[in-house]
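> Take this structure, written in structure tokens, and hold onto it; I'll ask about it next.
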Amino acid sequence: MPKSSLDTLSEKERSTRMGLVRGKDTKPEMRVRRLVHSMGYRYRLHAKDLPGKPDLVFRKRKKAIFVHGCYWHRHKGCPRCRLPKSPETKAFWKDKLLGNARRDKENQKKLKAMGWEFLVIWECETEKPEELADNIRAFLD
């Protein structure tokens with residue numbers, strides 16, 4: 001990916017910063033995990049044998065929860081779901097991020113075909129714990 005003239009970081013600094021982006025144990029995921037545990041539910045984490053490696057897995061119920069970042073997984077209508085402005089990198093990021101969303105849909109189809117139900121919780125939804133608790137309870141009960 002070429003360095004953008006709008007980027008204030010060097011290629012090495014940008015690479016280091018992007019390397020810090022985590023796929024597990026993110027702040028939104030930890031909020032959901034604490035909330036679900038406080039509600040009395042017990043779960044397993046990141047089941048490698050299920051499509052998409054759901055963040056929280058409730059095997060006896062055959063239900064799974066994904067906690068998605070609004071930017072990385074393309075939460076439609078969310079202000080966090082934006083593309084970079086740099087013309088040099090816009091095409092790269094558009095392809096990458098839309099690819100993430102396509103992969104999510106494929107994994108969700110596979111889960112359904114296996115008889116599993118799933119709930120997607122968006123990063124922005126984790127900031128409203130009362131509403132989130134209601135949604136989780138409705139999903140799990």
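Residue numbering restarts at 1 for every chain of the structure tokens, chains are lettered A, B, ... in their displayed order, and ligands are numbered from 1 as they appear.
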Run DSSP on the backbone and give me the residues of stretch 10-141 of chain A it puts in alpha helix (DSSP H), as a PyMOL selection string.
chain A and resi 11-19+27-38+70-73+87-113+129-140
> For stretch 48-105 of chain A versus stretch 26-37 of chain A, which residues have an atom no more than 10 Å away, and what is each residue's nearest atom pair and distance in Å rounded to one decimal, using only C-alpha atoms, chain-then-number order, as CSV?

residue,atom,partner,partner_atom,distance
A:Asp55,CA,A:Glu29,CA,7.5
A:Leu56,CA,A:Arg33,CA,7.7
A:Ile65,CA,A:Val32,CA,9.4
A:Phe66,CA,A:Glu29,CA,8.5
A:Val67,CA,A:Glu29,CA,5.7
A:His68,CA,A:Pro28,CA,8.2
A:Gly69,CA,A:Pro28,CA,7.8
> Output the selection as a CSV table (one decimal), in the first residue's frame - C-alpha atoms for each residue.

chain,number,residue,atom,x,y,z
A,55,ASP,CA,-16.6,-14.2,20.5
A,56,LEU,CA,-19.0,-15.8,22.9
A,65,ILE,CA,-22.5,-13.7,19.9
A,66,PHE,CA,-20.2,-11.7,17.6
A,67,VAL,CA,-18.9,-8.4,18.9
A,68,HIS,CA,-18.0,-6.4,15.8
A,69,GLY,CA,-16.2,-3.1,15.4
> What's the 10 Å shell around A:Cys124, counting only C-alpha atoms, without same-chain residues fewer than 3 positions away, as a compact mmCIF listing (two decimals) with N, CA and C atoms, in the first residue's frame?

# COMPACT_ATOMS: atom_id res chain seq x y z
N PRO A 28 -14.82 -3.28 23.39
CA PRO A 28 -16.24 -3.63 23.25
C PRO A 28 -16.52 -5.09 23.63
N HIS A 68 -18.70 -6.94 16.94
CA HIS A 68 -18.04 -6.37 15.77
C HIS A 68 -17.72 -4.89 15.96
N GLY A 69 -16.53 -4.52 15.51
CA GLY A 69 -16.18 -3.11 15.44
C GLY A 69 -16.91 -2.47 14.27
N CYS A 70 -17.48 -1.32 14.51
CA CYS A 70 -18.28 -0.65 13.46
C CYS A 70 -17.44 -0.34 12.22
N HIS A 75 -20.62 -1.33 9.87
CA HIS A 75 -21.94 -1.13 10.47
C HIS A 75 -22.68 -0.04 9.71
N CYS A 78 -23.80 3.82 10.74
CA CYS A 78 -23.05 4.26 11.92
C CYS A 78 -21.98 5.28 11.49
N PRO A 79 -21.82 6.36 12.25
CA PRO A 79 -20.79 7.34 11.89
C PRO A 79 -19.37 6.77 11.94
N ARG A 80 -19.18 5.68 12.66
CA ARG A 80 -17.85 5.06 12.74
C ARG A 80 -17.53 4.24 11.49
N ILE A 121 -23.40 -7.94 17.92
CA ILE A 121 -23.42 -6.74 18.75
C ILE A 121 -22.36 -5.80 18.19
N GLU A 127 -22.13 0.82 24.26
CA GLU A 127 -22.12 2.04 25.07
C GLU A 127 -23.47 2.29 25.76
N LYS A 128 -24.45 1.43 25.48
CA LYS A 128 -25.77 1.54 26.12
C LYS A 128 -26.07 0.21 26.81
> Write out as number ranges by chain all residues of stretch 30-127 of chain A that DSSP puts in strand (DSSP E) for this structure's backbone.
A: 44-45, 56-58, 63-68, 117-122
> So that I can see what lies close to A:Asn107, please list as an mmCIF file with C-alpha atoms, in the first residue's frame the residues with an atom at most 6 Å from it, counting only C-alpha atoms and leaving out residues fewer than 2 positions away in the same chain.

data_model
loop_
_atom_site.group_PDB
_atom_site.id
_atom_site.type_symbol
_atom_site.label_atom_id
_atom_site.label_comp_id
_atom_site.auth_asym_id
_atom_site.auth_seq_id
_atom_site.Cartn_x
_atom_site.Cartn_y
_atom_site.Cartn_z
ATOM 1 C CA PRO A 51 -17.379 -20.437 11.347
ATOM 2 C CA GLY A 52 -16.104 -16.945 12.141
ATOM 3 C CA ASP A 104 -19.002 -12.167 8.060
ATOM 4 C CA LYS A 105 -22.108 -12.909 5.965
ATOM 5 C CA LYS A 109 -24.795 -18.507 6.645
ATOM 6 C CA LYS A 110 -22.580 -21.442 7.627
#
> Grab the atom CA of A:Ala133 to atom CA of A:Met39 distance for me, in Å with one decimal place.
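The value is 8.0 Å.
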> Record the distance separating atom CA of A:Asp49 and atom CA of A:Ala64, expressed in Å with one decimal.
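A separation of 12.3 Å between them.
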